[in-house]
>>> print(open('target_35.txt').read())   # compact mmCIF, C-alpha atoms and all ligand atoms
# COMPACT_ATOMS: atom_id res chain seq x y z
CA MET X 1 124.53 99.42 104.18
CA ALA X 2 126.93 96.65 104.82
CA LEU X 3 128.68 96.46 108.16
CA ILE X 4 132.30 95.44 108.08
CA ASP X 5 133.86 94.58 111.41
CA LEU X 6 137.63 94.45 110.95
CA SER X 7 138.30 93.33 114.51
CA LYS X 8 136.09 90.23 114.25
CA ARG X 9 136.67 89.93 110.50
CA GLU X 10 132.98 89.82 109.73
CA VAL X 11 130.97 91.26 106.86
CA HIS X 12 127.22 91.74 107.36
CA CYS X 13 125.00 92.29 104.33
CA LYS X 14 121.26 92.88 104.09
CA ILE X 15 119.25 91.22 101.32
CA VAL X 16 115.58 92.16 100.97
CA TYR X 17 112.87 90.05 99.30
CA TYR X 18 110.44 92.53 97.77
CA GLY X 19 107.22 91.97 95.81
CA PRO X 20 103.42 92.27 95.94
CA GLY X 21 101.27 90.77 98.71
CA ARG X 22 100.98 86.97 98.68
CA CYS X 23 103.65 86.48 95.96
CA GLY X 24 105.60 84.07 98.18
CA LYS X 25 108.36 86.07 99.92
CA THR X 26 107.78 84.56 103.36
CA THR X 27 107.47 81.11 101.75
CA ASN X 28 110.99 81.54 100.32
CA LEU X 29 112.41 82.30 103.77
CA LEU X 30 110.51 79.45 105.40
CA TYR X 31 111.86 76.99 102.86
CA ILE X 32 115.42 78.24 103.37
CA TYR X 33 115.01 78.09 107.13
CA ASN X 34 113.64 74.55 107.05
CA SER X 35 116.34 73.20 104.76
CA MET X 36 119.46 74.78 106.21
CA ASN X 37 121.87 73.32 108.69
CA SER X 38 121.30 74.72 112.14
CA ASN X 39 124.90 75.97 112.47
CA ALA X 40 124.48 78.08 109.32
CA LYS X 41 121.23 79.77 110.29
CA GLY X 42 120.02 81.97 113.08
CA LYS X 43 116.52 82.36 114.45
CA LEU X 44 113.71 83.07 112.02
CA LEU X 45 111.90 86.16 113.19
CA THR X 46 108.49 86.87 111.71
CA ILE X 47 106.17 89.70 112.54
CA GLU X 48 102.78 88.91 111.12
CA THR X 49 99.13 89.75 111.52
CA LYS X 50 96.67 87.19 112.84
CA GLY X 51 96.56 85.54 109.44
CA ASP X 52 99.78 84.67 107.70
CA ARG X 53 100.33 88.09 106.14
CA THR X 54 103.57 89.84 106.95
CA LEU X 55 102.86 92.90 109.08
CA PHE X 56 106.34 94.37 109.38
CA PHE X 57 109.05 91.98 108.20
CA ASP X 58 110.55 88.52 108.44
CA LEU X 59 114.23 88.14 109.21
CA LEU X 60 116.48 85.14 108.72
CA PRO X 61 120.20 85.53 109.55
CA LEU X 62 122.54 83.18 107.67
CA ASN X 63 126.21 82.41 108.00
CA LEU X 64 127.69 81.77 104.59
CA GLY X 65 131.20 80.78 105.62
CA LYS X 66 134.45 82.55 104.86
CA ILE X 67 135.64 84.57 101.90
CA ASN X 68 139.18 85.99 102.02
CA GLY X 69 139.32 85.24 105.72
CA PHE X 70 136.15 87.22 106.39
CA ASP X 71 133.05 85.61 107.87
CA ILE X 72 130.10 86.39 105.63
CA ARG X 73 126.85 87.02 107.50
CA ILE X 74 123.71 87.65 105.50
CA GLN X 75 120.42 88.92 106.85
CA LEU X 76 117.44 88.01 104.69
CA TYR X 77 114.44 90.29 105.14
CA THR X 78 111.00 90.23 103.55
CA VAL X 79 108.77 93.28 103.27
CA PRO X 80 105.01 93.28 103.81
CA GLY X 81 103.66 93.22 100.26
CA GLN X 82 100.17 94.62 100.87
CA ALA X 83 99.74 98.12 99.49
CA ILE X 84 98.71 99.64 102.84
CA TYR X 85 102.07 98.83 104.42
CA GLU X 86 103.90 101.35 102.28
CA ALA X 87 105.61 103.04 105.23
CA THR X 88 106.91 99.86 106.84
CA ARG X 89 108.07 98.53 103.48
CA LYS X 90 110.23 101.57 103.09
CA LEU X 91 111.70 101.15 106.58
CA VAL X 92 112.73 97.56 105.89
CA LEU X 93 114.53 98.71 102.76
CA LYS X 94 116.79 100.92 104.82
CA GLY X 95 120.42 99.92 104.36
CA VAL X 96 119.70 97.25 101.72
CA ASP X 97 122.71 95.73 99.92
CA GLY X 98 120.95 93.31 97.57
CA LEU X 99 117.40 92.64 96.33
CA VAL X 100 115.25 89.75 95.20
CA PHE X 101 112.09 90.87 93.47
CA VAL X 102 109.55 88.06 93.75
CA ALA X 103 106.84 88.23 91.09
CA ASP X 104 103.56 86.34 91.22
CA SER X 105 102.80 84.23 88.14
CA LEU X 106 99.02 84.43 88.71
CA ARG X 107 97.49 86.39 85.85
CA VAL X 108 95.21 88.31 88.24
CA ARG X 109 98.33 89.72 89.95
CA ARG X 110 99.81 91.14 86.76
CA ASN X 111 99.26 94.78 87.70
CA LYS X 112 100.24 94.18 91.33
CA ASN X 113 103.65 92.96 90.16
CA ILE X 114 104.21 96.07 88.07
CA GLU X 115 102.97 98.39 90.82
CA SER X 116 105.22 96.73 93.36
CA LEU X 117 108.29 97.07 91.16
CA ASN X 118 107.52 100.76 90.64
CA ASP X 119 107.01 101.17 94.37
CA LEU X 120 110.42 99.58 94.95
CA ILE X 121 112.11 101.95 92.50
CA THR X 122 110.46 104.96 94.16
CA ASN X 123 111.39 103.82 97.67
CA LEU X 124 115.01 103.20 96.69
CA LYS X 125 115.20 106.69 95.20
CA GLU X 126 114.19 108.13 98.55
CA TYR X 127 117.34 106.56 100.00
CA ASN X 128 119.32 107.86 97.02
CA LEU X 129 119.69 104.35 95.65
CA ASP X 130 119.32 103.39 92.03
CA ILE X 131 117.91 99.95 91.24
CA GLU X 132 120.27 99.65 88.29
CA SER X 133 123.39 99.98 90.42
CA LEU X 134 122.35 97.54 93.18
CA PRO X 135 122.58 93.74 92.95
CA VAL X 136 119.05 92.61 91.95
CA VAL X 137 117.60 89.32 90.74
CA LEU X 138 114.04 88.49 89.69
CA GLN X 139 112.17 85.41 90.81
CA TYR X 140 109.08 84.31 88.88
CA ASN X 141 107.27 82.38 91.56
CA LYS X 142 104.32 79.96 91.53
CA ARG X 143 105.44 78.39 88.24
CA ASP X 144 103.81 75.16 89.48
CA LEU X 145 100.47 76.78 88.66
CA ALA X 146 101.35 77.09 84.97
CA ASP X 147 100.24 73.48 84.50
CA SER X 148 96.98 74.01 86.40
CA PRO X 149 93.68 75.42 85.12
CA ILE X 150 94.34 78.67 87.00
CA PRO X 151 95.25 81.46 84.52
CA THR X 152 98.95 82.35 84.81
CA LEU X 153 101.32 84.71 83.04
CA THR X 154 103.82 83.36 80.54
CA ILE X 155 107.54 83.90 81.08
CA GLU X 156 107.54 86.20 78.04
CA GLU X 157 104.85 88.36 79.62
CA LEU X 158 106.67 88.49 82.95
CA GLU X 159 109.90 89.40 81.16
CA GLU X 160 108.21 92.15 79.24
CA ASP X 161 106.42 93.57 82.29
CA LEU X 162 109.28 93.43 84.77
CA ASN X 163 112.62 92.80 83.14
CA SER X 164 112.66 94.79 79.92
CA ARG X 165 114.31 97.71 81.63
CA LEU X 166 116.20 95.95 84.43
CA ASN X 167 117.61 93.13 82.34
CA VAL X 168 118.77 91.09 85.34
CA GLN X 169 119.14 87.38 86.05
CA THR X 170 115.78 85.63 86.49
CA PHE X 171 114.77 82.42 88.24
CA GLN X 172 111.64 80.35 87.85
CA ALA X 173 110.41 79.09 91.17
CA ALA X 174 107.74 77.22 93.05
CA ALA X 175 108.64 78.32 96.55
CA THR X 176 106.16 76.05 98.34
CA LYS X 177 108.00 73.07 96.83
CA GLY X 178 111.39 74.70 97.17
CA ILE X 179 111.99 74.82 93.42
CA GLY X 180 114.28 77.71 92.49
CA VAL X 181 114.58 78.96 96.07
CA PHE X 182 118.24 78.12 96.66
CA GLU X 183 119.21 79.02 93.09
CA THR X 184 117.82 82.51 93.75
CA LEU X 185 119.49 82.78 97.14
CA LYS X 186 122.90 81.63 95.91
CA ASP X 187 122.93 84.02 93.02
CA ILE X 188 121.85 87.10 94.98
CA SER X 189 124.24 86.28 97.84
CA LYS X 190 127.16 85.94 95.45
CA LYS X 191 126.28 89.19 93.71
CA THR X 192 125.76 91.06 96.98
CA VAL X 193 128.99 89.89 98.58
CA ARG X 194 130.89 90.74 95.42
CA TYR X 195 129.26 94.17 95.34
CA VAL X 196 130.20 94.93 98.95
CA ALA X 197 133.67 93.47 98.56
CA THR X 198 134.53 95.47 95.45
CA LYS X 199 133.60 98.61 97.32
CA HIS X 200 135.90 97.79 100.24
CA LEU X 201 138.25 94.88 99.69
CA LEU X 202 139.49 95.62 96.22
CA ASN X 203 139.82 99.35 96.61
CA PRO X 204 143.37 99.96 97.88
CA ASN X 205 142.41 103.24 99.53
CA LYS X 206 139.77 101.71 101.70
CA GLN X 207 140.31 100.63 105.28
CA MET X 208 139.40 97.00 104.75
CA GLU X 209 142.37 96.49 102.46
CA LYS X 210 144.75 98.03 104.98
CA ALA X 211 143.69 95.54 107.60
CA LEU X 212 144.26 92.49 105.44
CA MET T 1 123.57 105.35 103.42
CA ALA T 2 127.28 104.59 103.48
CA ASP T 3 128.65 101.24 104.59
CA LEU T 4 130.06 101.16 108.09
CA VAL T 5 133.62 99.97 108.46
CA LEU T 6 134.58 99.24 112.05
CA THR T 7 138.15 99.03 113.23
CA GLY T 8 139.35 97.32 116.40
CA PRO T 9 140.55 100.51 118.10
CA ALA T 10 137.33 102.42 117.40
CA LEU T 11 135.20 99.58 118.73
CA GLU T 12 137.42 99.22 121.76
CA LYS T 13 137.07 102.89 122.55
CA ALA T 14 133.30 102.84 122.12
CA ARG T 15 132.99 99.77 124.32
CA SER T 16 135.07 101.21 127.11
CA GLN T 17 133.03 104.43 127.09
CA ILE T 18 129.79 102.48 127.20
CA ASN T 19 131.11 100.34 130.03
CA GLU T 20 132.20 103.34 132.02
CA ALA T 21 129.04 105.38 131.53
CA LEU T 22 126.37 102.69 131.70
CA ILE T 23 127.50 99.20 132.64
CA GLU T 24 129.34 100.46 135.73
CA ALA T 25 126.19 102.36 136.68
CA GLY T 26 124.31 99.05 136.87
CA VAL T 27 122.79 98.81 133.38
CA HIS T 28 122.90 95.19 132.30
CA THR T 29 122.99 95.31 128.50
CA VAL T 30 123.84 98.00 125.96
CA LEU T 31 123.65 97.50 122.22
CA LEU T 32 125.03 99.86 119.65
CA ILE T 33 123.23 99.11 116.38
CA ASP T 34 122.98 100.68 112.95
CA GLN T 35 119.73 101.69 111.32
CA ALA T 36 119.79 98.66 109.03
CA GLY T 37 119.52 96.48 112.16
CA ASN T 38 123.12 95.25 112.50
CA VAL T 39 124.81 94.91 115.87
CA VAL T 40 127.85 97.21 115.94
CA ALA T 41 128.82 96.49 119.54
CA SER T 42 127.27 94.83 122.55
CA CYS T 43 128.29 95.43 126.15
CA GLY T 44 127.32 94.09 129.52
CA LYS T 45 126.07 90.78 130.78
CA ASN T 46 126.23 88.37 127.88
CA ARG T 47 122.97 86.64 128.56
CA LYS T 48 122.92 83.52 126.41
CA ASP T 49 119.15 83.62 126.17
CA LEU T 50 119.14 87.09 124.68
CA ASP T 51 118.81 86.94 120.89
CA LEU T 52 120.84 90.01 119.94
CA THR T 53 120.27 89.70 116.18
CA SER T 54 116.49 89.75 116.51
CA LEU T 55 116.65 92.42 119.17
CA ALA T 56 118.76 94.69 116.95
CA ALA T 57 116.48 94.18 113.93
CA LEU T 58 113.38 94.95 115.99
CA ALA T 59 114.97 97.92 117.71
CA ALA T 60 116.01 99.45 114.39
CA ALA T 61 112.55 98.86 112.94
CA ASN T 62 110.83 100.20 116.05
CA PHE T 63 113.06 103.24 116.05
CA GLY T 64 112.36 103.88 112.36
CA ALA T 65 108.62 103.43 112.84
CA THR T 66 108.57 105.83 115.78
CA SER T 67 110.44 108.52 113.83
CA GLN T 68 107.91 108.17 111.03
CA MET T 69 105.05 108.52 113.52
CA ALA T 70 106.69 111.67 114.84
CA LYS T 71 106.81 113.13 111.34
CA LEU T 72 103.16 112.24 110.70
CA ILE T 73 102.01 114.23 113.70
CA GLY T 74 104.35 117.09 112.86
CA GLU T 75 107.17 116.43 115.34
CA ASP T 76 110.84 116.22 114.34
CA ASP T 77 111.45 113.34 116.68
CA PHE T 78 110.29 112.16 120.08
CA SER T 79 112.76 113.13 122.74
CA LEU T 80 112.15 110.09 124.92
CA LEU T 81 111.94 106.58 123.53
CA PHE T 82 111.45 104.20 126.37
CA HIS T 83 109.53 101.00 127.13
CA LYS T 84 108.95 100.06 130.72
CA GLY T 85 108.60 96.46 131.78
CA LYS T 86 107.88 94.85 135.17
CA ARG T 87 111.52 93.97 135.68
CA ASP T 88 113.49 95.39 132.77
CA SER T 89 113.11 98.49 130.67
CA ILE T 90 114.55 99.53 127.36
CA HIS T 91 115.69 102.96 126.23
CA PHE T 92 116.63 104.09 122.70
CA ALA T 93 118.75 107.04 121.62
CA LYS T 94 119.97 108.21 118.26
CA VAL T 95 123.72 108.49 117.76
CA GLY T 96 124.48 110.72 114.78
CA ASN T 97 122.51 109.85 111.68
CA GLU T 98 123.33 106.18 111.39
CA LEU T 99 123.50 104.58 114.81
CA ILE T 100 121.14 103.81 117.68
CA LEU T 101 122.10 103.13 121.29
CA VAL T 102 119.82 100.60 123.00
CA THR T 103 120.04 100.42 126.77
CA ILE T 104 118.39 97.62 128.77
CA PHE T 105 118.24 98.04 132.52
CA GLY T 106 116.47 96.74 135.61
CA ASP T 107 114.43 98.71 138.14
CA GLU T 108 117.46 99.28 140.37
CA VAL T 109 118.70 101.87 137.87
CA SER T 110 116.74 105.07 137.43
CA LEU T 111 115.55 106.28 134.06
CA GLY T 112 116.89 109.72 134.87
CA LEU T 113 120.42 108.40 135.30
CA VAL T 114 120.20 106.41 132.08
CA ARG T 115 118.98 109.45 130.15
CA LEU T 116 121.74 111.62 131.56
CA ARG T 117 124.53 109.14 130.83
CA VAL T 118 123.17 108.31 127.38
CA ALA T 119 122.98 111.99 126.49
CA GLU T 120 126.66 112.37 127.39
CA LEU T 121 127.62 109.20 125.56
CA THR T 122 125.92 109.81 122.22
CA GLY T 123 128.16 112.76 121.40
CA SER T 124 131.38 110.96 122.17
CA ILE T 125 130.40 107.76 120.33
CA GLU T 126 129.41 109.85 117.33
CA LYS T 127 132.89 111.33 117.34
CA ILE T 128 134.55 107.91 117.46
CA PHE T 129 132.81 106.62 114.35
CA GLY T 130 132.79 109.93 112.53
CA GLN T 131 129.91 111.35 110.56
CA GLY T 132 128.68 109.25 107.64
CA ASN T 133 131.56 106.83 108.07
N1 LIG X 301 100.97 77.30 94.25
C1 LIG X 301 101.91 78.03 94.87
N2 LIG X 301 101.59 78.74 95.97
C2 LIG X 301 102.57 79.47 96.57
C3 LIG X 301 103.90 79.50 96.09
N3 LIG X 301 104.64 80.31 96.88
C4 LIG X 301 103.80 80.76 97.83
N4 LIG X 301 102.55 80.27 97.67
C5 LIG X 301 101.36 80.50 98.50
O1 LIG X 301 101.00 81.86 98.43
C6 LIG X 301 100.47 82.33 99.67
C7 LIG X 301 101.21 83.59 100.13
O2 LIG X 301 102.59 83.28 100.39
P1 LIG X 301 103.49 84.17 101.37
O3 LIG X 301 104.85 83.62 101.30
O4 LIG X 301 102.85 84.30 102.69
O5 LIG X 301 103.41 85.57 100.61
P2 LIG X 301 104.15 86.94 100.97
O6 LIG X 301 104.78 87.40 99.71
O7 LIG X 301 105.03 86.78 102.15
O8 LIG X 301 102.88 87.86 101.30
P3 LIG X 301 102.84 89.20 102.24
O9 LIG X 301 103.45 88.83 103.54
O10 LIG X 301 101.41 89.58 102.36
O11 LIG X 301 103.61 90.25 101.51
C8 LIG X 301 100.64 81.18 100.64
O12 LIG X 301 99.39 80.54 100.78
C9 LIG X 301 101.65 80.26 99.97
O13 LIG X 301 101.47 78.92 100.32
C10 LIG X 301 104.21 78.71 94.91
O14 LIG X 301 105.34 78.67 94.42
N5 LIG X 301 103.18 78.02 94.35
MG MG X 302 105.09 87.62 103.98
>>> encode(input="target_35.txt", output="structure tokens", more="lines below")
Ligand SMILES: Nc1nc2c(ncn2[C@@H]2O[C@H](COP(=O)(O)OP(=O)(O)OP(=O)(O)O)[C@@H](O)[C@H]2O)c(=O)[nH]1
Ligand SMILES: [Mg+2]
Amino acid sequence: MALIDLSKREVHCKIVYYGPGRCGKTTNLLYIYNSMNSNAKGKLLTIETKGDRTLFFDLLPLNLGKINGFDIRIQLYTVPGQAIYEATRKLVLKGVDGLVFVADSLRVRRNKNIESLNDLITNLKEYNLDIESLPVVLQYNKRDLADSPIPTLTIEELEEDLNSRLNVQTFQAAATKGIGVFETLKDISKKTVRYVATKHLLNPNKQMEKAL
Amino acid sequence: MADLVLTGPALEKARSQINEALIEAGVHTVLLIDQAGNVVASCGKNRKDLDLTSLAALAAANFGATSQMAKLIGEDDFSLLFHKGKRDSIHFAKVGNELILVTIFGDEVSLGLVRLRVAELTGSIEKIFGQGN
């Protein structure tokens, strides 16, 4: 659920990075945090277990500048990917406006990717949201491993497993090196802001238009 | 969950009610947040060291987690959500279906007073923003 503050002329949107455990969601946020200007980013909040696994969520607030005189604030969240954190994953999804599904290119994670996407669809349904009507992009992460001896999935396989039904924009990434991270972020931010704006800005009956 | 569109007058009204009921009673910070973790309004001492964005995200998550725990043990909801610190304490209350009122206060204010004032406030704030708005 976006929050639109007409008095401060701010729009707040929530973008969630979803995907199986260890696919690289937190790595995406860390890379964004480390490369952004300090006036455009807020504090990075991470809630993790003793290791580096996300226990509840990570949060990175970003300030994307102005559109139509409105300040665009984006909150990036990651979910905990491990299967046991089902309940917390669902909580983080509450009020989501846009989604990045991060898939793991490691061949051993093939089923985990598919299970996680199904889990996302089920959780969205419980909030009466349909994955096909929300802004979603797919990120195929760990592409750097494709050139290594470690068995990885081909893009064709990933497409078939995850994108045959969704048919959304995809990005190849190596989040540890930052490859594809900002491409993914830019595209999902643009889609999310457009999605929220069409609901409020462009609809003449809505309050946001009246205030312009 | 519908998007929340806030207008100046509605926010103004909510802020003045929060100020009257809680800030004037000695509470130092009150946050009105939505369940996605956004700050709708903040009142009271604007402590520069207080990271409101993180606080709102954690409060929303904590509130959500506690409601889920209630359901798991067969309760609808817990009637008192409160964390007591050495100096400051924090109290949570649901406002309608979408909002949460977070009250942070020192030991010079009693929990009983906070609970009473918050109970009165939640109804009137709910009216200001309207159901599902
Ligand atoms: N080779 C390679 N390793 C990566 C890449 N992205 C992430 N990793 C590694 O994968 C491991 C898990 O990354 P995280 O970002 O913590 O994974 P996560 O998705 O947040 O995992 P959970 O919090 O458990 O859901 C770390 O050791 C990362 O360094 C990548 O593009 N290539
Ligand atoms: Mg993580």
>>> interface_residues(input="target_35.txt", of="chain X", to="chain T", cutoff="8 Å", atoms="all atoms listed in the file", output="MDAnalysis selection string")
chainID X and resid 1:7 12 14 43 45 59 61 88 91:92 94:96 127 207:208
>>> residues_around(input="target_35.txt", residues="Asn28 of chain X", least_positions_apart="4", cutoff="9 Å", atoms="all atoms listed in the file", output="PyMOL selection string")
chain X and resi 17+24+32-33+175-176+178+181-182
>>> write_last_selection(input="target_35.txt", atoms="C-alpha atoms", output="PDB file, in the coordinates of the input")
ATOM      1  CA  TYR X  17     112.870  90.050  99.300  1.00  0.00           C
ATOM      2  CA  GLY X  24     105.600  84.070  98.180  1.00  0.00           C
ATOM      3  CA  ILE X  32     115.420  78.240 103.370  1.00  0.00           C
ATOM      4  CA  TYR X  33     115.010  78.090 107.130  1.00  0.00           C
ATOM      5  CA  ALA X 175     108.640  78.320  96.550  1.00  0.00           C
ATOM      6  CA  THR X 176     106.160  76.050  98.340  1.00  0.00           C
ATOM      7  CA  GLY X 178     111.390  74.700  97.170  1.00  0.00           C
ATOM      8  CA  VAL X 181     114.580  78.960  96.070  1.00  0.00           C
ATOM      9  CA  PHE X 182     118.240  78.120  96.660  1.00  0.00           C
TER      10      PHE X 182
END
>>> residues_near_ligand(input="target_35.txt", ligand="ligand MG 302 (chain X)", cutoff="12 Å", atoms="only C-alpha atoms and all ligand atoms", output="JSON, numbers by chain")
{"X": [16, 17, 18, 19, 20, 21, 22, 23, 24, 25, 26, 27, 28, 29, 30, 45, 46, 47, 48, 49, 51, 52, 53, 54, 55, 56, 57, 58, 59, 77, 78, 79, 80, 81, 82, 85, 89, 102]}
>>> write_last_selection(input="target_35.txt", atoms="C-alpha atoms", output="PDB file, in the coordinates of the input")
ATOM      1  CA  VAL X  16     115.580  92.160 100.970  1.00  0.00           C
ATOM      2  CA  TYR X  17     112.870  90.050  99.300  1.00  0.00           C
ATOM      3  CA  TYR X  18     110.440  92.530  97.770  1.00  0.00           C
ATOM      4  CA  GLY X  19     107.220  91.970  95.810  1.00  0.00           C
ATOM      5  CA  PRO X  20     103.420  92.270  95.940  1.00  0.00           C
ATOM      6  CA  GLY X  21     101.270  90.770  98.710  1.00  0.00           C
ATOM      7  CA  ARG X  22     100.980  86.970  98.680  1.00  0.00           C
ATOM      8  CA  CYS X  23     103.650  86.480  95.960  1.00  0.00           C
ATOM      9  CA  GLY X  24     105.600  84.070  98.180  1.00  0.00           C
ATOM     10  CA  LYS X  25     108.360  86.070  99.920  1.00  0.00           C
ATOM     11  CA  THR X  26     107.780  84.560 103.360  1.00  0.00           C
ATOM     12  CA  THR X  27     107.470  81.110 101.750  1.00  0.00           C
ATOM     13  CA  ASN X  28     110.990  81.540 100.320  1.00  0.00           C
ATOM     14  CA  LEU X  29     112.410  82.300 103.770  1.00  0.00           C
ATOM     15  CA  LEU X  30     110.510  79.450 105.400  1.00  0.00           C
ATOM     16  CA  LEU X  45     111.900  86.160 113.190  1.00  0.00           C
ATOM     17  CA  THR X  46     108.490  86.870 111.710  1.00  0.00           C
ATOM     18  CA  ILE X  47     106.170  89.700 112.540  1.00  0.00           C
ATOM     19  CA  GLU X  48     102.780  88.910 111.120  1.00  0.00           C
ATOM     20  CA  THR X  49      99.130  89.750 111.520  1.00  0.00           C
ATOM     21  CA  GLY X  51      96.560  85.540 109.440  1.00  0.00           C
ATOM     22  CA  ASP X  52      99.780  84.670 107.700  1.00  0.00           C
ATOM     23  CA  ARG X  53     100.330  88.090 106.140  1.00  0.00           C
ATOM     24  CA  THR X  54     103.570  89.840 106.950  1.00  0.00           C
ATOM     25  CA  LEU X  55     102.860  92.900 109.080  1.00  0.00           C
ATOM     26  CA  PHE X  56     106.340  94.370 109.380  1.00  0.00           C
ATOM     27  CA  PHE X  57     109.050  91.980 108.200  1.00  0.00           C
ATOM     28  CA  ASP X  58     110.550  88.520 108.440  1.00  0.00           C
ATOM     29  CA  LEU X  59     114.230  88.140 109.210  1.00  0.00           C
ATOM     30  CA  TYR X  77     114.440  90.290 105.140  1.00  0.00           C
ATOM     31  CA  THR X  78     111.000  90.230 103.550  1.00  0.00           C
ATOM     32  CA  VAL X  79     108.770  93.280 103.270  1.00  0.00           C
ATOM     33  CA  PRO X  80     105.010  93.280 103.810  1.00  0.00           C
ATOM     34  CA  GLY X  81     103.660  93.220 100.260  1.00  0.00           C
ATOM     35  CA  GLN X  82     100.170  94.620 100.870  1.00  0.00           C
ATOM     36  CA  TYR X  85     102.070  98.830 104.420  1.00  0.00           C
ATOM     37  CA  ARG X  89     108.070  98.530 103.480  1.00  0.00           C
ATOM     38  CA  VAL X 102     109.550  88.060  93.750  1.00  0.00           C
TER      39      VAL X 102
END
>>> atom_distance(input="target_35.txt", atom1="atom CA of Ala21 of chain T", atom2="atom CA of Val118 of chain T")
7.8 Å
>>> atom_distance(input="target_35.txt", atom1="atom CA of Cys13 of chain X", atom2="atom CA of Ile74 of chain X")
5.0 Å
>>> closest_residue(input="target_35.txt", among="T:Cys43, T:Ile73, T:Leu31, T:Val114", to="Val95 of chain T", atoms="all atoms listed in the file")
T:Leu31
>>> decode(input="target_35.txt", residues="segment 35-40 of chain T", atoms="all heavy atoms", output="mmCIF file, in the first residue's frame")
data_model
loop_
_atom_site.group_PDB
_atom_site.id
_atom_site.type_symbol
_atom_site.label_atom_id
_atom_site.label_comp_id
_atom_site.auth_asym_id
_atom_site.auth_seq_id
_atom_site.Cartn_x
_atom_site.Cartn_y
_atom_site.Cartn_z
ATOM 1 N N GLN T 35 0.354 -0.282 8.474
ATOM 2 C CA GLN T 35 0.843 -1.633 8.713
ATOM 3 C C GLN T 35 1.918 -2.049 7.726
ATOM 4 O O GLN T 35 2.538 -3.099 7.886
ATOM 5 C CB GLN T 35 -0.324 -2.614 8.721
ATOM 6 C CG GLN T 35 -1.223 -2.327 9.900
ATOM 7 C CD GLN T 35 -2.012 -3.538 10.361
ATOM 8 O OE1 GLN T 35 -1.715 -4.661 10.011
ATOM 9 N NE2 GLN T 35 -3.038 -3.291 11.138
ATOM 10 N N ALA T 36 2.163 -1.235 6.694
ATOM 11 C CA ALA T 36 3.276 -1.520 5.797
ATOM 12 C C ALA T 36 4.567 -0.927 6.361
ATOM 13 O O ALA T 36 5.638 -1.131 5.814
ATOM 14 C CB ALA T 36 2.995 -0.959 4.409
ATOM 15 N N GLY T 37 4.477 -0.167 7.448
ATOM 16 C CA GLY T 37 5.673 0.389 8.073
ATOM 17 C C GLY T 37 5.980 1.831 7.706
ATOM 18 O O GLY T 37 7.062 2.325 7.995
ATOM 19 N N ASN T 38 5.036 2.528 7.074
ATOM 20 C CA ASN T 38 5.236 3.950 6.745
ATOM 21 C C ASN T 38 4.847 4.853 7.910
ATOM 22 O O ASN T 38 3.898 4.556 8.627
ATOM 23 C CB ASN T 38 4.348 4.363 5.564
ATOM 24 C CG ASN T 38 4.728 3.675 4.281
ATOM 25 O OD1 ASN T 38 5.876 3.716 3.870
ATOM 26 N ND2 ASN T 38 3.754 3.026 3.652
ATOM 27 N N VAL T 39 5.546 5.962 8.055
ATOM 28 C CA VAL T 39 5.167 6.949 9.058
ATOM 29 C C VAL T 39 4.052 7.827 8.484
ATOM 30 O O VAL T 39 4.231 8.488 7.470
ATOM 31 C CB VAL T 39 6.351 7.863 9.439
ATOM 32 C CG1 VAL T 39 5.928 8.890 10.475
ATOM 33 C CG2 VAL T 39 7.520 7.043 9.941
ATOM 34 N N VAL T 40 2.903 7.836 9.125
ATOM 35 C CA VAL T 40 1.795 8.689 8.693
ATOM 36 C C VAL T 40 1.939 10.064 9.347
ATOM 37 O O VAL T 40 1.828 11.094 8.695
ATOM 38 C CB VAL T 40 0.446 8.034 9.055
ATOM 39 C CG1 VAL T 40 -0.716 8.973 8.782
ATOM 40 C CG2 VAL T 40 0.274 6.726 8.287
#
